[in-house]
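*Asks:* Here you go, data.cif (mmCIF, C-alpha atoms, pLDDT in the B column; chains and numbers go by the auth columns):
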```
data_protein
loop_
_atom_site.group_PDB
_atom_site.id
_atom_site.type_symbol
_atom_site.label_atom_id
_atom_site.label_comp_id
_atom_site.label_asym_id
_atom_site.label_seq_id
_atom_site.Cartn_x
_atom_site.Cartn_y
_atom_site.Cartn_z
_atom_site.B_iso_or_equiv
_atom_site.auth_seq_id
_atom_site.auth_asym_id
ATOM 1 C CA MET A 1 19.727 25.138 6.536 83.00 1 A
ATOM 2 C CA ILE A 2 17.888 21.841 6.129 92.00 2 A
ATOM 3 C CA ASN A 3 17.960 19.658 9.223 96.00 3 A
ATOM 4 C CA THR A 4 18.615 16.310 7.558 96.00 4 A
ATOM 5 C CA LYS A 5 19.079 14.588 10.918 97.00 5 A
ATOM 6 C CA ALA A 6 15.534 15.564 11.928 98.00 6 A
ATOM 7 C CA LEU A 7 14.135 14.375 8.598 98.00 7 A
ATOM 8 C CA ARG A 8 15.848 11.003 8.972 97.00 8 A
ATOM 9 C CA GLN A 9 14.464 10.676 12.479 98.00 9 A
ATOM 10 C CA GLU A 10 11.005 11.511 11.132 98.00 10 A
ATOM 11 C CA GLN A 11 11.417 8.716 8.575 98.00 11 A
ATOM 12 C CA ILE A 12 12.260 6.237 11.326 98.00 12 A
ATOM 13 C CA GLU A 13 9.217 7.296 13.343 98.00 13 A
ATOM 14 C CA LYS A 14 6.839 7.224 10.366 98.00 14 A
ATOM 15 C CA ALA A 15 8.158 3.825 9.297 98.00 15 A
ATOM 16 C CA GLN A 16 6.858 2.436 12.588 98.00 16 A
ATOM 17 C CA GLN A 17 3.352 3.490 11.500 98.00 17 A
ATOM 18 C CA VAL A 18 3.460 1.654 8.170 98.00 18 A
ATOM 19 C CA ILE A 19 1.081 -1.308 7.977 98.00 19 A
ATOM 20 C CA CYS A 20 2.381 -4.299 6.048 97.00 20 A
ATOM 21 C CA TYR A 21 -0.791 -6.346 5.888 96.00 21 A
ATOM 22 C CA ASP A 22 -3.738 -6.003 3.538 96.00 22 A
ATOM 23 C CA GLY A 23 -6.065 -3.117 4.286 89.00 23 A
ATOM 24 C CA PHE A 24 -8.388 -3.544 1.318 88.00 24 A
ATOM 25 C CA SER A 25 -10.279 -6.169 -0.667 86.00 25 A
ATOM 26 C CA SER A 26 -11.424 -6.496 -4.285 89.00 26 A
ATOM 27 C CA PRO A 27 -10.351 -3.057 -5.572 96.00 27 A
ATOM 28 C CA LYS A 28 -12.520 -1.504 -8.243 98.00 28 A
ATOM 29 C CA LEU A 29 -10.196 1.431 -8.901 98.00 29 A
ATOM 30 C CA ILE A 30 -6.383 1.190 -8.973 98.00 30 A
ATOM 31 C CA ALA A 31 -4.197 4.237 -9.536 98.00 31 A
ATOM 32 C CA GLY A 32 -0.656 4.895 -10.658 98.00 32 A
ATOM 33 C CA ALA A 33 1.385 7.854 -9.417 98.00 33 A
ATOM 34 C CA ASP A 34 4.520 9.381 -10.886 96.00 34 A
ATOM 35 C CA VAL A 35 6.631 12.391 -9.894 95.00 35 A
ATOM 36 C CA GLY A 36 9.011 14.413 -12.041 91.00 36 A
ATOM 37 C CA PHE A 37 10.646 17.818 -12.070 92.00 37 A
ATOM 38 C CA GLU A 38 10.547 20.788 -14.422 90.00 38 A
ATOM 39 C CA GLN A 39 12.454 24.052 -14.849 92.00 39 A
ATOM 40 C CA GLN A 40 15.732 22.535 -13.647 93.00 40 A
ATOM 41 C CA GLY A 41 14.079 21.148 -10.536 92.00 41 A
ATOM 42 C CA LYS A 42 12.282 24.304 -9.460 95.00 42 A
ATOM 43 C CA ILE A 43 8.848 22.782 -10.140 95.00 43 A
ATOM 44 C CA THR A 44 7.688 19.377 -8.899 95.00 44 A
ATOM 45 C CA ARG A 45 5.123 17.656 -11.117 94.00 45 A
ATOM 46 C CA ALA A 46 2.951 14.786 -9.914 96.00 46 A
ATOM 47 C CA ALA A 47 0.523 12.791 -12.025 96.00 47 A
ATOM 48 C CA ILE A 48 -2.058 10.327 -10.748 97.00 48 A
ATOM 49 C CA ALA A 49 -3.965 8.119 -13.195 97.00 49 A
ATOM 50 C CA VAL A 50 -6.993 6.206 -11.910 98.00 50 A
ATOM 51 C CA LEU A 51 -7.864 3.002 -13.774 98.00 51 A
ATOM 52 C CA SER A 52 -10.835 0.677 -13.459 98.00 52 A
ATOM 53 C CA TYR A 53 -10.145 -2.895 -12.422 98.00 53 A
ATOM 54 C CA PRO A 54 -10.033 -5.511 -13.899 97.00 54 A
ATOM 55 C CA ASP A 55 -10.275 -3.925 -17.370 96.00 55 A
ATOM 56 C CA LEU A 56 -7.573 -1.302 -16.601 97.00 56 A
ATOM 57 C CA GLU A 57 -9.299 1.495 -18.498 95.00 57 A
ATOM 58 C CA LEU A 58 -8.563 5.130 -17.671 94.00 58 A
ATOM 59 C CA VAL A 59 -11.225 6.690 -15.426 97.00 59 A
ATOM 60 C CA GLU A 60 -9.556 9.937 -14.408 96.00 60 A
ATOM 61 C CA TYR A 61 -6.197 11.641 -14.267 95.00 61 A
ATOM 62 C CA GLN A 62 -4.893 14.690 -12.464 96.00 62 A
ATOM 63 C CA ILE A 63 -1.606 16.581 -12.685 95.00 63 A
ATOM 64 C CA ALA A 64 -0.327 18.943 -10.007 96.00 64 A
ATOM 65 C CA ARG A 65 2.620 21.292 -10.400 96.00 65 A
ATOM 66 C CA ILE A 66 3.988 23.028 -7.328 97.00 66 A
ATOM 67 C CA GLU A 67 7.143 24.844 -6.332 97.00 67 A
ATOM 68 C CA THR A 68 9.794 22.368 -5.195 97.00 68 A
ATOM 69 C CA THR A 69 10.174 22.560 -1.442 91.00 69 A
ATOM 70 C CA LEU A 70 13.377 20.556 -0.917 95.00 70 A
ATOM 71 C CA PRO A 71 16.564 19.975 -2.926 94.00 71 A
ATOM 72 C CA TYR A 72 17.578 16.446 -3.871 94.00 72 A
ATOM 73 C CA ILE A 73 19.110 14.719 -0.843 95.00 73 A
ATOM 74 C CA PRO A 74 19.904 10.982 -1.134 94.00 74 A
ATOM 75 C CA GLY A 75 17.627 8.914 1.078 95.00 75 A
ATOM 76 C CA LEU A 76 15.188 11.785 1.647 97.00 76 A
ATOM 77 C CA LEU A 77 13.505 11.849 -1.756 96.00 77 A
ATOM 78 C CA SER A 78 10.021 11.255 -0.353 97.00 78 A
ATOM 79 C CA PHE A 79 10.077 14.661 1.393 98.00 79 A
ATOM 80 C CA ARG A 80 10.798 16.236 -1.994 97.00 80 A
ATOM 81 C CA GLU A 81 8.072 14.329 -3.832 97.00 81 A
ATOM 82 C CA TYR A 82 5.100 13.895 -1.488 98.00 82 A
ATOM 83 C CA PRO A 83 3.843 17.531 -1.509 98.00 83 A
ATOM 84 C CA ALA A 84 3.052 17.356 -5.236 97.00 84 A
ATOM 85 C CA LEU A 85 1.563 13.874 -4.863 98.00 85 A
ATOM 86 C CA MET A 86 -0.755 15.161 -2.137 98.00 86 A
ATOM 87 C CA ALA A 87 -1.715 18.133 -4.316 98.00 87 A
ATOM 88 C CA ALA A 88 -2.680 15.787 -7.170 98.00 88 A
ATOM 89 C CA TRP A 89 -4.471 13.457 -4.742 98.00 89 A
ATOM 90 C CA GLN A 90 -6.662 16.301 -3.506 98.00 90 A
ATOM 91 C CA LEU A 91 -7.807 16.990 -7.077 98.00 91 A
ATOM 92 C CA LEU A 92 -9.166 13.481 -7.641 98.00 92 A
ATOM 93 C CA LYS A 93 -12.896 12.959 -8.026 98.00 93 A
ATOM 94 C CA HIS A 94 -12.555 9.154 -8.021 98.00 94 A
ATOM 95 C CA ILE A 95 -10.639 7.897 -4.991 98.00 95 A
ATOM 96 C CA PRO A 96 -8.784 4.658 -5.788 98.00 96 A
ATOM 97 C CA ASP A 97 -8.726 1.623 -3.529 98.00 97 A
ATOM 98 C CA LEU A 98 -5.023 1.034 -4.224 98.00 98 A
ATOM 99 C CA VAL A 99 -2.180 3.200 -5.566 98.00 99 A
ATOM 100 C CA MET A 100 1.022 2.045 -7.254 98.00 100 A
ATOM 101 C CA VAL A 101 3.733 4.670 -6.870 98.00 101 A
ATOM 102 C CA ASP A 102 6.763 4.962 -9.147 97.00 102 A
ATOM 103 C CA GLY A 103 9.311 4.599 -6.359 97.00 103 A
ATOM 104 C CA HIS A 104 10.021 2.526 -3.286 98.00 104 A
ATOM 105 C CA GLY A 105 7.837 1.518 -0.375 98.00 105 A
ATOM 106 C CA ILE A 106 9.610 -0.137 2.555 98.00 106 A
ATOM 107 C CA ALA A 107 12.564 -1.076 0.296 98.00 107 A
ATOM 108 C CA HIS A 108 14.419 1.905 1.737 98.00 108 A
ATOM 109 C CA PRO A 109 17.279 2.088 4.262 97.00 109 A
ATOM 110 C CA ARG A 110 14.894 3.499 6.892 98.00 110 A
ATOM 111 C CA ARG A 111 11.840 1.659 5.464 98.00 111 A
ATOM 112 C CA LEU A 112 10.078 4.818 4.297 98.00 112 A
ATOM 113 C CA GLY A 113 10.255 5.389 0.565 98.00 113 A
ATOM 114 C CA VAL A 114 7.830 7.687 -1.232 98.00 114 A
ATOM 115 C CA ALA A 115 5.146 4.982 -1.622 98.00 115 A
ATOM 116 C CA SER A 116 5.080 4.426 2.141 98.00 116 A
ATOM 117 C CA HIS A 117 5.274 8.138 2.978 98.00 117 A
ATOM 118 C CA PHE A 118 2.451 9.018 0.590 98.00 118 A
ATOM 119 C CA GLY A 119 0.352 6.032 1.701 98.00 119 A
ATOM 120 C CA LEU A 120 0.557 7.152 5.315 98.00 120 A
ATOM 121 C CA LEU A 121 -0.366 10.751 4.535 98.00 121 A
ATOM 122 C CA ALA A 122 -3.221 9.870 2.178 98.00 122 A
ATOM 123 C CA ASN A 123 -4.333 6.896 4.304 98.00 123 A
ATOM 124 C CA VAL A 124 -4.533 4.661 1.244 98.00 124 A
ATOM 125 C CA PRO A 125 -3.025 1.249 0.406 98.00 125 A
ATOM 126 C CA THR A 126 0.093 1.745 -1.709 98.00 126 A
ATOM 127 C CA ILE A 127 2.749 -0.311 -3.502 98.00 127 A
ATOM 128 C CA GLY A 128 6.211 0.863 -4.475 98.00 128 A
ATOM 129 C CA VAL A 129 7.108 -0.043 -8.075 98.00 129 A
ATOM 130 C CA ALA A 130 10.680 1.093 -8.660 98.00 130 A
ATOM 131 C CA LYS A 131 12.924 0.781 -11.700 96.00 131 A
ATOM 132 C CA ARG A 132 16.156 0.737 -9.680 97.00 132 A
ATOM 133 C CA ARG A 133 17.349 -0.895 -6.486 97.00 133 A
ATOM 134 C CA LEU A 134 17.857 1.429 -3.526 97.00 134 A
ATOM 135 C CA CYS A 135 18.992 -1.092 -0.948 97.00 135 A
ATOM 136 C CA GLY A 136 18.953 -4.826 -0.307 98.00 136 A
ATOM 137 C CA GLU A 137 20.325 -7.879 -2.082 98.00 137 A
ATOM 138 C CA SER A 138 18.785 -10.765 -3.977 98.00 138 A
ATOM 139 C CA GLU A 139 19.734 -14.039 -5.609 97.00 139 A
ATOM 140 C CA LEU A 140 20.430 -14.079 -9.342 95.00 140 A
ATOM 141 C CA LEU A 141 17.215 -13.469 -11.269 97.00 141 A
ATOM 142 C CA GLY A 142 16.145 -15.673 -14.163 95.00 142 A
ATOM 143 C CA GLU A 143 15.728 -14.209 -17.638 95.00 143 A
ATOM 144 C CA GLN A 144 12.160 -15.404 -18.181 96.00 144 A
ATOM 145 C CA PRO A 145 9.166 -13.101 -17.525 95.00 145 A
ATOM 146 C CA GLY A 146 7.747 -13.837 -14.089 96.00 146 A
ATOM 147 C CA SER A 147 11.142 -14.679 -12.583 97.00 147 A
ATOM 148 C CA CYS A 148 11.173 -13.449 -8.998 98.00 148 A
ATOM 149 C CA GLN A 149 13.512 -13.278 -6.008 98.00 149 A
ATOM 150 C CA PRO A 150 13.044 -11.871 -2.497 98.00 150 A
ATOM 151 C CA LEU A 151 14.789 -8.555 -1.856 98.00 151 A
ATOM 152 C CA ILE A 152 16.585 -8.819 1.486 98.00 152 A
ATOM 153 C CA ASP A 153 18.175 -6.132 3.661 98.00 153 A
ATOM 154 C CA LYS A 154 19.664 -6.827 7.087 96.00 154 A
ATOM 155 C CA GLU A 155 18.065 -10.289 7.116 96.00 155 A
ATOM 156 C CA GLU A 156 14.604 -8.781 6.507 98.00 156 A
ATOM 157 C CA GLN A 157 12.585 -9.196 3.330 98.00 157 A
ATOM 158 C CA ILE A 158 11.701 -5.723 2.129 98.00 158 A
ATOM 159 C CA GLY A 159 10.281 -6.531 -1.295 98.00 159 A
ATOM 160 C CA TRP A 160 10.687 -8.468 -4.519 98.00 160 A
ATOM 161 C CA VAL A 161 12.884 -8.330 -7.580 98.00 161 A
ATOM 162 C CA TRP A 162 10.566 -9.294 -10.431 98.00 162 A
ATOM 163 C CA ARG A 163 11.096 -9.520 -14.173 98.00 163 A
ATOM 164 C CA SER A 164 7.945 -8.381 -15.905 97.00 164 A
ATOM 165 C CA LYS A 165 9.187 -8.668 -19.482 95.00 165 A
ATOM 166 C CA LYS A 166 11.899 -10.581 -21.312 92.00 166 A
ATOM 167 C CA ARG A 167 15.083 -8.636 -22.144 91.00 167 A
ATOM 168 C CA CYS A 168 14.052 -5.854 -19.763 95.00 168 A
ATOM 169 C CA ASN A 169 15.545 -4.857 -16.437 96.00 169 A
ATOM 170 C CA PRO A 170 13.532 -6.079 -13.432 98.00 170 A
ATOM 171 C CA LEU A 171 11.207 -4.082 -11.233 98.00 171 A
ATOM 172 C CA TYR A 172 11.692 -3.627 -7.493 98.00 172 A
ATOM 173 C CA ILE A 173 8.333 -4.108 -5.815 98.00 173 A
ATOM 174 C CA SER A 174 7.703 -3.393 -2.141 98.00 174 A
ATOM 175 C CA PRO A 175 4.765 -2.769 0.175 98.00 175 A
ATOM 176 C CA GLY A 176 4.032 0.899 0.659 98.00 176 A
ATOM 177 C CA HIS A 177 1.247 0.960 3.246 98.00 177 A
ATOM 178 C CA LYS A 178 -1.719 -1.246 4.133 98.00 178 A
ATOM 179 C CA ILE A 179 -0.559 -4.139 1.953 98.00 179 A
ATOM 180 C CA SER A 180 1.433 -7.324 2.468 98.00 180 A
ATOM 181 C CA LEU A 181 4.554 -8.462 0.663 98.00 181 A
ATOM 182 C CA ASP A 182 2.698 -11.173 -1.233 98.00 182 A
ATOM 183 C CA SER A 183 -0.194 -8.929 -2.227 98.00 183 A
ATOM 184 C CA ALA A 184 2.146 -6.192 -3.440 98.00 184 A
ATOM 185 C CA LEU A 185 3.642 -8.602 -5.962 98.00 185 A
ATOM 186 C CA LEU A 186 0.279 -10.128 -6.865 98.00 186 A
ATOM 187 C CA TRP A 187 -1.384 -6.817 -7.730 98.00 187 A
ATOM 188 C CA VAL A 188 1.532 -5.580 -9.798 98.00 188 A
ATOM 189 C CA GLU A 189 1.411 -8.874 -11.729 98.00 189 A
ATOM 190 C CA ARG A 190 -2.309 -8.406 -12.325 97.00 190 A
ATOM 191 C CA CYS A 191 -1.772 -4.917 -13.740 98.00 191 A
ATOM 192 C CA VAL A 192 0.961 -5.779 -16.252 97.00 192 A
ATOM 193 C CA LYS A 193 -0.236 -6.128 -19.849 94.00 193 A
ATOM 194 C CA GLY A 194 2.791 -6.944 -21.955 91.00 194 A
ATOM 195 C CA TYR A 195 4.962 -3.974 -20.993 94.00 195 A
ATOM 196 C CA ARG A 196 7.710 -3.617 -18.410 96.00 196 A
ATOM 197 C CA LEU A 197 5.606 -1.339 -16.185 96.00 197 A
ATOM 198 C CA PRO A 198 2.134 -2.054 -14.824 97.00 198 A
ATOM 199 C CA GLU A 199 -0.573 -0.126 -16.654 96.00 199 A
ATOM 200 C CA THR A 200 -1.073 2.078 -13.597 97.00 200 A
ATOM 201 C CA THR A 201 2.366 3.701 -13.448 95.00 201 A
ATOM 202 C CA ARG A 202 2.735 3.443 -17.238 93.00 202 A
ATOM 203 C CA TRP A 203 -0.309 5.671 -17.595 93.00 203 A
ATOM 204 C CA ALA A 204 0.895 8.082 -14.910 94.00 204 A
ATOM 205 C CA ASP A 205 4.325 8.397 -16.487 90.00 205 A
ATOM 206 C CA GLY A 206 2.847 8.834 -19.966 88.00 206 A
ATOM 207 C CA ILE A 207 0.393 11.492 -18.849 86.00 207 A
ATOM 208 C CA ALA A 208 3.061 13.428 -16.989 80.00 208 A
ATOM 209 C CA SER A 209 5.913 13.409 -19.450 74.00 209 A
ATOM 210 C CA ASN A 210 5.271 11.675 -22.757 59.00 210 A
ATOM 211 C CA ARG A 211 2.849 13.592 -24.967 61.00 211 A
ATOM 212 C CA ALA A 212 3.018 11.125 -27.856 66.00 212 A
ATOM 213 C CA PHE A 213 2.200 8.216 -25.549 64.00 213 A
ATOM 214 C CA PHE A 214 -0.635 10.166 -23.964 64.00 214 A
ATOM 215 C CA GLU A 215 -2.217 11.107 -27.281 66.00 215 A
ATOM 216 C CA GLN A 216 -1.923 7.533 -28.549 68.00 216 A
ATOM 217 C CA MET A 217 -3.478 6.095 -25.399 64.00 217 A
ATOM 218 C CA MET A 218 -6.287 8.640 -25.399 63.00 218 A
ATOM 219 C CA GLN A 219 -7.193 7.639 -28.958 63.00 219 A
ATOM 220 C CA LYS A 220 -7.607 4.086 -27.683 61.00 220 A
ATOM 221 C CA ASN A 221 -9.526 5.248 -24.600 58.00 221 A
ATOM 222 C CA PRO A 222 -11.678 8.189 -25.771 50.00 222 A
#
```
Rewrite the structure of this file - the entire thing - as structure tokens.

*Replies:*
Amino acid sequence: MINTKALRQEQIEKAQQVICYDGFSSPKLIAGADVGFEQQGKITRAAIAVLSYPDLELVEYQIARIETTLPYIPGLLSFREYPALMAAWQLLKHIPDLVMVDGHGIAHPRRLGVASHFGLLANVPTIGVAKRRLCGESELLGEQPGSCQPLIDKEEQIGWVWRSKKRCNPLYISPGHKISLDSALLWVERCVKGYRLPETTRWADGIASNRAFFEQMMQKNP
């Protein structure tokens, strides 16, 4: 039986180790990371795409597929996802200065989403770039691209709600590890090129699960 109480306590303890100030400067390589599941959840798949900065050209990508070690349990998703992320990380030949993870950083009820958990384990600056809100509240967001509101939970700012593209749902951006609130938003902004997602996680998602996207992008980046 899975001891969920112990896992939640581990989250609380690890959250105390998360650094929410900048631990890097002038990144030359920025990565995106994405996790999915295959074979009805039996296999966890993680993709990491490393891009050069500022031109955002693909330098390297790695995909790891491992046996899933934990069932889906709300609030404990990072324990289900990080083993495959670490497996992909260990395959990289080019180590990025910053990683954007498709998921939450500190914008989590116990302040340890997958971006924070992975950042701690890999000892790398990370940002959570999520498509859905997990916790927290914000003021009404404007419809124009660039509209932004603080994401607040229990009177603490845990991230940003940011609209990257008109007529698209917003992104939920939060520090993962070794990065400040302001820098998390800034670097996501710098990596968006006309699409809803930053190029980093867009590449990672495309490599992992969208063959047509991957083939199209590879033709542009031979």

*Asks:* Please compute the atom CA of A:Leu29-atom CA of A:Tyr53 distance, one decimal, in Å.

*Replies:*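 Distance reported for this atom pair: 5.6 Å.
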
*Asks:* Applying 8 Å and only C-alpha atoms, which residues near A:Leu56 remain after dropping the ones on its own chain fewer than 2 positions away? List them as a list in words.

*Replies:*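 Residues meeting the cut-off are Leu51, Ser52, Tyr53, Pro54, Leu58, Cys191, Glu199 and Thr200 of chain A.
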
*Asks:* Given the file shown, enumerate the residues that the PyMOL selection byres ((chain A and resi 169) around 12) captures and present them as a ChimeraX atom specification.

*Replies:* /A:130-133,141-145,147,161-168,170-172,195-197

*Asks:* Excluding A:Glu139 and any residue of its chain fewer than 5 positions from it, enumerate the residues within 10 Å of it, using only C-alpha atoms, and give them as a list in words.

*Replies:*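 My reading of the contact set: Cys148, Gln149, Pro150, Leu151, Ile152 and Val161 of chain A.
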
*Asks:* In Å, how far is it from atom CA of A:Ile95 to atom CA of A:Val188?

*Replies:*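 So the answer is 18.8 Å.
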
*Asks:* By how many Å are atom CA of A:Val192 and atom CA of A:Arg110 apart?

*Replies:*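 Straight-line distance from atom CA of A:Val192 to atom CA of A:Arg110 works out to 28.6 Å.
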
*Asks:* For A:Gln40, which of A:Thr68, A:Glu137, A:Ser25, A:Ile2 is the closest residue, counting only C-alpha atoms?

*Replies:*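 Among the listed residues, A:Thr68 lies closest to A:Gln40.
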
*Asks:* Between A:Ala107, A:Gln11, A:Ala122, A:Ala115, which one has atoms that come closest to A:Trp160, using all atoms listed in the file?

*Replies:*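 The closest residue to A:Trp160 is A:Ala107.
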
*Asks:* Return the single residue from A:Ser26, A:Thr44, A:Asn3, A:Ser138 that is closest to A:Ile66, with distances computed using only C-alpha atoms.

*Replies:* A:Thr44

*Asks:* Which residue gives the smallest distance to A:Ile127 among A:Arg80, A:His177, A:Arg45, A:Lys154, with all atoms listed in the file counted?

*Replies:*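 Nearest to A:Ile127: A:His177.
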
*Asks:* I would like the residues chosen by the PyMOL selection byres ((chain A and resi 22) around 6) on the shown file; could you give them as an MDAnalysis selection string?

*Replies:* chainID A and resid 21 23:24 178:180

*Asks:* Would you mind listing what lies within 9 Å of A:Leu76 as number ranges by chain, with all atoms listed in the file counted and same-chain residues fewer than 5 positions away left out?

*Replies:* A: 4, 7-8, 11, 113-114
